[in-house]
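Coordinates as given in query.cif (mmCIF, C-alpha atoms):
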data_upload
#
loop_
_atom_site.group_PDB
_atom_site.id
_atom_site.type_symbol
_atom_site.label_atom_id
_atom_site.label_comp_id
_atom_site.auth_asym_id
_atom_site.auth_seq_id
_atom_site.Cartn_x
_atom_site.Cartn_y
_atom_site.Cartn_z
ATOM 1 C CA MET O 81 149.577 110.746 83.449
ATOM 2 C CA THR O 82 149.590 108.591 80.361
ATOM 3 C CA PRO O 83 146.445 108.821 78.245
ATOM 4 C CA GLU O 84 144.689 105.579 77.409
ATOM 5 C CA ILE O 85 141.951 104.926 74.879
ATOM 6 C CA VAL O 86 139.322 102.809 76.588
ATOM 7 C CA THR O 87 136.748 100.353 75.269
ATOM 8 C CA ARG O 88 135.372 99.359 78.668
ATOM 9 C CA LEU O 89 135.279 100.837 82.180
ATOM 10 C CA PRO O 90 133.950 99.556 85.509
ATOM 11 C CA ALA O 91 130.919 101.258 87.089
ATOM 12 C CA ALA O 92 133.015 103.320 89.543
ATOM 13 C CA ASP O 93 135.067 104.800 86.690
ATOM 14 C CA LEU O 94 131.902 105.603 84.722
ATOM 15 C CA GLU O 95 130.530 107.437 87.760
ATOM 16 C CA ARG O 96 133.785 109.392 88.142
ATOM 17 C CA LEU O 97 133.821 110.284 84.441
ATOM 18 C CA ALA O 98 130.240 111.533 84.711
ATOM 19 C CA VAL O 99 131.054 113.653 87.778
ATOM 20 C CA LEU O 100 134.033 115.206 85.968
ATOM 21 C CA HIS O 101 131.875 115.899 82.909
ATOM 22 C CA ARG O 102 129.126 117.566 84.947
ATOM 23 C CA THR O 103 131.589 119.625 86.990
ATOM 24 C CA SER O 104 133.630 120.766 83.980
ATOM 25 C CA LEU O 105 130.750 121.194 81.507
ATOM 26 C CA PRO O 106 127.804 122.310 83.665
ATOM 27 C CA ARG O 107 125.824 123.867 80.773
ATOM 28 C CA SER O 108 126.025 120.837 78.522
ATOM 29 C CA ILE O 109 122.666 119.259 77.795
ATOM 30 C CA LEU O 110 123.974 115.983 79.214
ATOM 31 C CA SER O 111 124.978 117.632 82.499
ATOM 32 C CA VAL O 112 121.532 119.164 82.852
ATOM 33 C CA MET O 113 119.946 115.731 82.361
ATOM 34 C CA GLY O 114 121.632 114.399 85.497
ATOM 35 C CA GLN O 115 124.228 111.882 86.650
ATOM 36 C CA ALA O 116 122.405 108.755 85.431
ATOM 37 C CA ALA O 117 122.107 110.150 81.893
ATOM 38 C CA VAL O 118 125.785 111.075 81.778
ATOM 39 C CA VAL O 119 126.822 107.617 83.042
ATOM 40 C CA ARG O 120 124.608 106.020 80.378
ATOM 41 C CA TYR O 121 126.167 108.266 77.714
ATOM 42 C CA TYR O 122 129.729 107.284 78.642
ATOM 43 C CA ARG O 123 128.825 103.604 78.808
ATOM 44 C CA GLN O 124 127.460 103.930 75.267
ATOM 45 C CA VAL O 125 130.280 105.961 73.672
ATOM 46 C CA ILE O 126 132.991 103.823 75.258
ATOM 47 C CA ALA O 127 131.426 100.691 73.750
ATOM 48 C CA SER O 128 130.702 102.329 70.383
ATOM 49 C CA PRO O 129 132.882 101.539 67.357
ATOM 50 C CA THR O 130 132.300 105.080 66.037
ATOM 51 C CA GLU O 131 133.608 106.967 69.093
ATOM 52 C CA LEU O 132 137.045 107.250 70.666
ATOM 53 C CA VAL O 133 137.207 107.843 74.410
ATOM 54 C CA ALA O 134 140.539 108.609 76.039
ATOM 55 C CA ILE O 135 141.123 109.106 79.750
ATOM 56 C CA ALA O 136 143.997 110.088 82.015
ATOM 57 C CA ARG O 137 144.420 108.631 85.498
ATOM 58 C CA ASN O 138 146.385 110.016 88.433
ATOM 59 C CA HIS O 139 148.940 108.056 90.462
ATOM 60 C CA LEU O 140 146.100 106.601 92.564
ATOM 61 C CA GLY O 141 144.339 105.264 89.480
ATOM 62 C CA MET O 142 141.503 107.813 89.606
ATOM 63 C CA ILE O 143 140.336 109.356 86.318
ATOM 64 C CA ASP O 144 141.214 113.053 86.180
ATOM 65 C CA ALA O 145 140.482 113.891 82.533
ATOM 66 C CA GLY O 146 138.624 112.627 79.499
ATOM 67 C CA VAL O 147 137.975 113.289 75.843
ATOM 68 C CA VAL O 148 135.414 111.952 73.355
ATOM 69 C CA VAL O 149 135.859 112.066 69.582
ATOM 70 C CA SER O 150 132.966 110.955 67.390
ATOM 71 C CA ARG O 151 133.531 109.748 63.846
ATOM 72 C CA THR O 152 129.818 110.361 63.176
ATOM 73 C CA PRO O 153 128.896 113.377 65.326
ATOM 74 C CA GLY O 154 125.716 114.112 63.388
ATOM 75 C CA THR O 155 124.141 110.884 64.653
ATOM 76 C CA LEU O 156 125.524 110.842 68.198
ATOM 77 C CA LEU O 157 122.539 112.394 69.991
ATOM 78 C CA ARG O 158 120.059 110.316 67.975
ATOM 79 C CA ARG O 159 121.914 107.119 68.824
ATOM 80 C CA PHE O 160 122.013 108.100 72.497
ATOM 81 C CA ALA O 161 118.277 108.804 72.517
ATOM 82 C CA ALA O 162 117.463 105.545 70.693
ATOM 83 C CA ALA O 163 119.473 103.428 73.144
ATOM 84 C CA ALA O 164 117.251 104.244 76.158
ATOM 85 C CA PRO O 165 114.243 106.256 74.969
ATOM 86 C CA VAL O 166 112.117 105.770 78.092
ATOM 87 C CA ALA O 167 114.882 106.811 80.496
ATOM 88 C CA LEU O 168 115.761 109.816 78.343
ATOM 89 C CA ALA O 169 112.130 110.891 77.967
ATOM 90 C CA THR O 170 111.674 110.709 81.749
ATOM 91 C CA GLU O 171 114.837 112.723 82.455
ATOM 92 C CA LEU O 172 114.099 115.210 79.710
ATOM 93 C CA GLY O 173 110.481 115.677 80.741
ATOM 94 C CA ARG O 174 111.382 116.262 84.372
ATOM 95 C CA ASN O 175 114.117 118.755 83.522
ATOM 96 C CA LEU O 176 112.033 120.610 80.941
ATOM 97 C CA LEU O 177 109.317 121.088 83.565
ATOM 98 C CA LEU O 178 111.830 122.414 86.090
ATOM 99 C CA SER O 179 113.916 124.675 83.868
ATOM 100 C CA SER O 180 112.666 127.506 81.669
ATOM 101 C CA ASP O 181 116.261 127.974 80.435
ATOM 102 C CA LEU O 182 116.328 124.379 79.206
ATOM 103 C CA ARG O 183 112.975 124.834 77.466
ATOM 104 C CA ARG O 184 114.310 127.918 75.642
ATOM 105 C CA ARG O 185 117.474 126.043 74.630
ATOM 106 C CA PHE O 186 115.478 123.161 73.125
ATOM 107 C CA VAL O 187 113.242 125.535 71.164
ATOM 108 C CA ARG O 188 116.344 127.254 69.763
ATOM 109 C CA ARG O 189 117.827 123.879 68.801
ATOM 110 C CA LEU O 190 114.919 123.251 66.431
ATOM 111 C CA ARG O 191 116.036 126.211 64.270
ATOM 112 C CA GLU O 192 119.748 125.411 64.148
ATOM 113 C CA SER O 193 121.746 123.740 61.387
ATOM 114 C CA GLU O 194 125.197 122.222 61.075
ATOM 115 C CA PRO O 195 128.053 124.577 60.110
ATOM 116 C CA HIS O 196 129.339 124.441 56.520
ATOM 117 C CA GLY O 197 132.669 122.668 56.061
ATOM 118 C CA THR O 198 132.221 120.053 58.791
ATOM 119 C CA GLU O 199 130.203 117.493 56.828
ATOM 120 C CA GLY O 200 131.556 113.969 57.181
ATOM 121 C CA LEU O 201 134.354 114.970 59.544
ATOM 122 C CA PRO O 202 134.905 113.496 63.005
ATOM 123 C CA GLU O 203 134.441 115.903 65.892
ATOM 124 C CA LEU O 204 135.995 116.243 69.309
ATOM 125 C CA VAL O 205 132.710 116.474 71.217
ATOM 126 C CA GLN O 206 133.848 116.551 74.858
ATOM 127 C CA ILE O 207 137.075 117.360 76.646
ATOM 128 C CA PHE O 208 137.506 118.032 80.354
ATOM 129 C CA THR O 209 140.150 117.951 83.073
ATOM 130 C CA ASP O 210 139.777 118.155 86.830
ATOM 131 C CA ALA O 211 139.863 121.889 87.627
ATOM 132 C CA SER O 212 142.841 121.511 89.993
ATOM 133 C CA LEU O 213 144.959 119.985 87.206
ATOM 134 C CA ARG O 214 144.278 122.326 84.296
ATOM 135 C CA GLY O 215 147.248 123.922 82.562
ATOM 136 C CA ARG O 216 149.503 120.867 82.928
ATOM 137 C CA GLY O 217 149.203 119.571 79.365
ATOM 138 C CA ILE O 218 146.849 116.705 80.213
ATOM 139 C CA GLY O 219 144.195 117.839 77.731
ATOM 140 C CA ALA O 220 146.793 118.230 74.967
ATOM 141 C CA ASP O 221 148.080 114.703 75.647
ATOM 142 C CA LEU O 222 144.541 113.297 75.449
ATOM 143 C CA VAL O 223 143.896 115.086 72.158
ATOM 144 C CA SER O 224 147.196 113.810 70.784
ATOM 145 C CA SER O 225 146.337 110.199 71.655
ATOM 146 C CA CYS O 226 143.002 110.518 69.819
ATOM 147 C CA GLU O 227 144.684 112.136 66.821
ATOM 148 C CA ASP O 228 147.121 109.212 66.596
ATOM 149 C CA ALA O 229 144.163 106.800 66.496
ATOM 150 C CA LEU O 230 142.391 108.917 63.862
ATOM 151 C CA ARG O 231 145.529 108.990 61.689
ATOM 152 C CA ARG O 232 145.880 105.214 61.945
ATOM 153 C CA GLY O 233 142.276 105.026 60.719
ATOM 154 C CA GLY O 234 143.070 107.204 57.694
ATOM 155 C CA VAL O 235 141.149 110.269 58.902
ATOM 156 C CA PRO O 236 142.472 113.399 57.112
ATOM 157 C CA ALA O 237 140.966 116.083 59.412
ATOM 158 C CA TYR O 238 138.571 116.659 62.278
ATOM 159 C CA VAL O 239 136.752 119.534 63.968
ATOM 160 C CA ILE O 240 135.808 120.914 67.350
ATOM 161 C CA ARG O 241 133.230 123.412 68.557
ATOM 162 C CA THR O 242 134.204 125.497 71.535
ATOM 163 C CA HIS O 243 132.189 128.188 73.285
ATOM 164 C CA ARG O 244 132.640 131.545 71.628
ATOM 165 C CA ASP O 245 131.827 133.908 74.484
ATOM 166 C CA GLY O 246 134.170 134.219 77.445
ATOM 167 C CA ASN O 247 136.364 131.385 76.201
ATOM 168 C CA GLU O 248 139.519 133.061 74.930
ATOM 169 C CA ALA O 249 141.693 130.527 76.787
ATOM 170 C CA GLY O 250 139.909 127.604 75.130
ATOM 171 C CA ILE O 251 140.251 129.105 71.662
ATOM 172 C CA ARG O 252 143.971 129.761 72.303
ATOM 173 C CA PHE O 253 144.372 126.139 73.498
ATOM 174 C CA TYR O 254 142.963 124.728 70.256
ATOM 175 C CA THR O 255 144.942 127.212 68.155
ATOM 176 C CA ARG O 256 148.153 126.037 69.870
ATOM 177 C CA LEU O 257 147.168 122.457 68.992
ATOM 178 C CA GLY O 258 146.970 123.402 65.301
ATOM 179 C CA PHE O 259 143.255 124.086 64.821
ATOM 180 C CA THR O 260 142.117 126.934 62.578
ATOM 181 C CA ILE O 261 138.794 128.757 62.759
ATOM 182 C CA LEU O 262 136.177 127.794 60.166
ATOM 183 C CA GLY O 263 133.369 129.980 61.462
ATOM 184 C CA GLU O 264 130.640 130.080 64.083
ATOM 185 C CA THR O 265 127.537 128.072 64.867
ATOM 186 C CA ARG O 266 124.847 127.745 67.520
ATOM 187 C CA SER O 267 123.841 124.692 69.489
ATOM 188 C CA PHE O 268 120.978 124.718 71.981
ATOM 189 C CA GLY O 269 121.125 128.519 71.850
ATOM 190 C CA ASP O 270 124.814 128.868 72.744
ATOM 191 C CA TYR O 271 127.333 130.320 70.274
ATOM 192 C CA TYR O 272 130.368 128.241 69.325
ATOM 193 C CA VAL O 273 133.534 128.778 67.307
ATOM 194 C CA VAL O 274 134.038 125.901 64.864
ATOM 195 C CA MET O 275 137.685 124.922 64.380
ATOM 196 C CA LYS O 276 139.330 122.369 62.104
ATOM 197 C CA LYS O 277 142.627 120.530 62.201
ATOM 198 C CA GLU O 278 144.297 118.736 59.302
ATOM 199 C CA LEU O 279 145.952 115.458 60.299
ATOM 200 C CA ARG O 280 149.110 114.912 58.286
#
Could the structure of this file be written out as structure tokens, please?
Amino acid sequence: MTPEIVTRLPAADLERLAVLHRTSLPRSILSVMGQAAVVRYYRQVIASPTELVAIARNHLGMIDAGVVVSRTPGTLLRRFAAAAPVALATELGRNLLLSSDLRRRFVRRLRESEPHGTEGLPELVQIFTDASLRGRGIGADLVSSCEDALRRGGVPAYVIRTHRDGNEAGIRFYTRLGFTILGETRSFGDYYVVMKKELR
């Protein structure tokens, strides 16, 4: 599979990307919001000049992996909310009514702040591979393709947050790719390890 950075995808590919996201990242706030919200998110970030989206397709042309890097991660959720406020409010309201866990996570989010040392840096905000294909280097290839684009844009470094608890394999993966640990943070109540990579 050869990674490709995309600036446009047909509806069927957006649906597939959203399914992969929700399957691979079931606790993400986007996943909890539902399929339509995730499709809307990918339509927006793919078209955005401040995000990079790379995908990998199998021999049948089906998307099996994806990655999103945001050059302005601090504004990403605000921009997503502003693009379709009525749809988001409806989805959010429905899910907040149905899920006490989601309500707790949103309350925790109000007390959280950004980790020191990440200001102004791009962030790898999503990465996922079909579960049956993990361990084959697809994720590393996707990250590498985004790093090449960041270097061409003169970006000196970028960061990632990965779950802290029960995620030793993920932390090892990013360490192998050259990331170093900056510290820890919380987002929507979950603990994350913040890692940084210099791009030389």
Straight-line distance linking CA of Glu227 (chain O) with CA of Val274 (chain O), stated in Å to one decimal:
17.5 Å
Identify the residues within 8 Å of coordinate (134.2, 128.3, 62.0) (same frame as the file), considering all atoms listed in the file, and give the answer as a PDB file with C-alpha atoms, keeping the file's coordinate frame.
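Dumped everything to part_26.pdb:
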ATOM      1  CA  PRO O 195     128.053 124.577  60.110  1.00  0.00           C
ATOM      2  CA  ILE O 261     138.794 128.757  62.759  1.00  0.00           C
ATOM      3  CA  LEU O 262     136.177 127.794  60.166  1.00  0.00           C
ATOM      4  CA  GLY O 263     133.369 129.980  61.462  1.00  0.00           C
ATOM      5  CA  GLU O 264     130.640 130.080  64.083  1.00  0.00           C
ATOM      6  CA  THR O 265     127.537 128.072  64.867  1.00  0.00           C
ATOM      7  CA  VAL O 273     133.534 128.778  67.307  1.00  0.00           C
ATOM      8  CA  VAL O 274     134.038 125.901  64.864  1.00  0.00           C
ATOM      9  CA  MET O 275     137.685 124.922  64.380  1.00  0.00           C
ATOM     10  CA  LYS O 276     139.330 122.369  62.104  1.00  0.00           C
TER      11      LYS O 276
END
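Here, the PyMOL selection byres ((chain O and resi 254) around 10) matches Ala220, Val223, Ile240, Arg241, Thr242, Ala249, Gly250, Ile251, Arg252, Phe253, Thr255, Arg256, Leu257, Gly258, Phe259, Thr260, Ile261, Met275, Lys276 and Lys277 of chain O.
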For the atom pair CA of Ala134 (chain O) and CA of Glu84 (chain O), what is the interatomic distance in Å to one decimal place?
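Interatomic distance here is 5.3 Å.
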What is the distance, in Å and to one decimal place, between CA of Ser224 (chain O) and CA of Leu97 (chain O)?
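For CA of Ser224 (chain O) relative to CA of Leu97 (chain O), the distance reads 19.4 Å.
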Starting from the sparse input, extend region 147-160 of chain O to N, CA and C atoms and give the output as a compact mmCIF listing (two decimals), in the coordinates of the input.
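out05.txt was written with the following content:
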# COMPACT_ATOMS: atom_id res chain seq x y z
N VAL O 147 138.28 112.69 77.14
CA VAL O 147 137.98 113.29 75.84
C VAL O 147 137.18 112.28 75.03
N VAL O 148 136.22 112.79 74.26
CA VAL O 148 135.41 111.95 73.36
C VAL O 148 135.51 112.54 71.96
N VAL O 149 135.87 111.69 71.00
CA VAL O 149 135.86 112.07 69.58
C VAL O 149 134.87 111.15 68.89
N SER O 150 133.95 111.74 68.13
CA SER O 150 132.97 110.96 67.39
C SER O 150 133.29 110.99 65.91
N ARG O 151 133.33 109.81 65.30
CA ARG O 151 133.53 109.75 63.85
C ARG O 151 132.25 110.11 63.09
N THR O 152 131.11 110.02 63.78
CA THR O 152 129.82 110.36 63.18
C THR O 152 129.04 111.27 64.13
N PRO O 153 129.52 112.50 64.33
CA PRO O 153 128.90 113.38 65.33
C PRO O 153 127.45 113.75 65.02
N GLY O 154 127.08 113.75 63.75
CA GLY O 154 125.72 114.11 63.39
C GLY O 154 124.67 113.12 63.88
N THR O 155 125.09 111.90 64.19
CA THR O 155 124.14 110.88 64.65
C THR O 155 124.27 110.59 66.15
N LEU O 156 125.22 111.20 66.81
CA LEU O 156 125.52 110.84 68.20
C LEU O 156 124.33 111.02 69.13
N LEU O 157 123.68 112.18 69.10
CA LEU O 157 122.54 112.39 69.99
C LEU O 157 121.37 111.48 69.65
N ARG O 158 121.14 111.23 68.36
CA ARG O 158 120.06 110.32 67.97
C ARG O 158 120.33 108.90 68.48
N ARG O 159 121.57 108.46 68.35
CA ARG O 159 121.91 107.12 68.82
C ARG O 159 121.77 107.02 70.34
N PHE O 160 122.15 108.09 71.04
CA PHE O 160 122.01 108.10 72.50
C PHE O 160 120.53 108.03 72.89
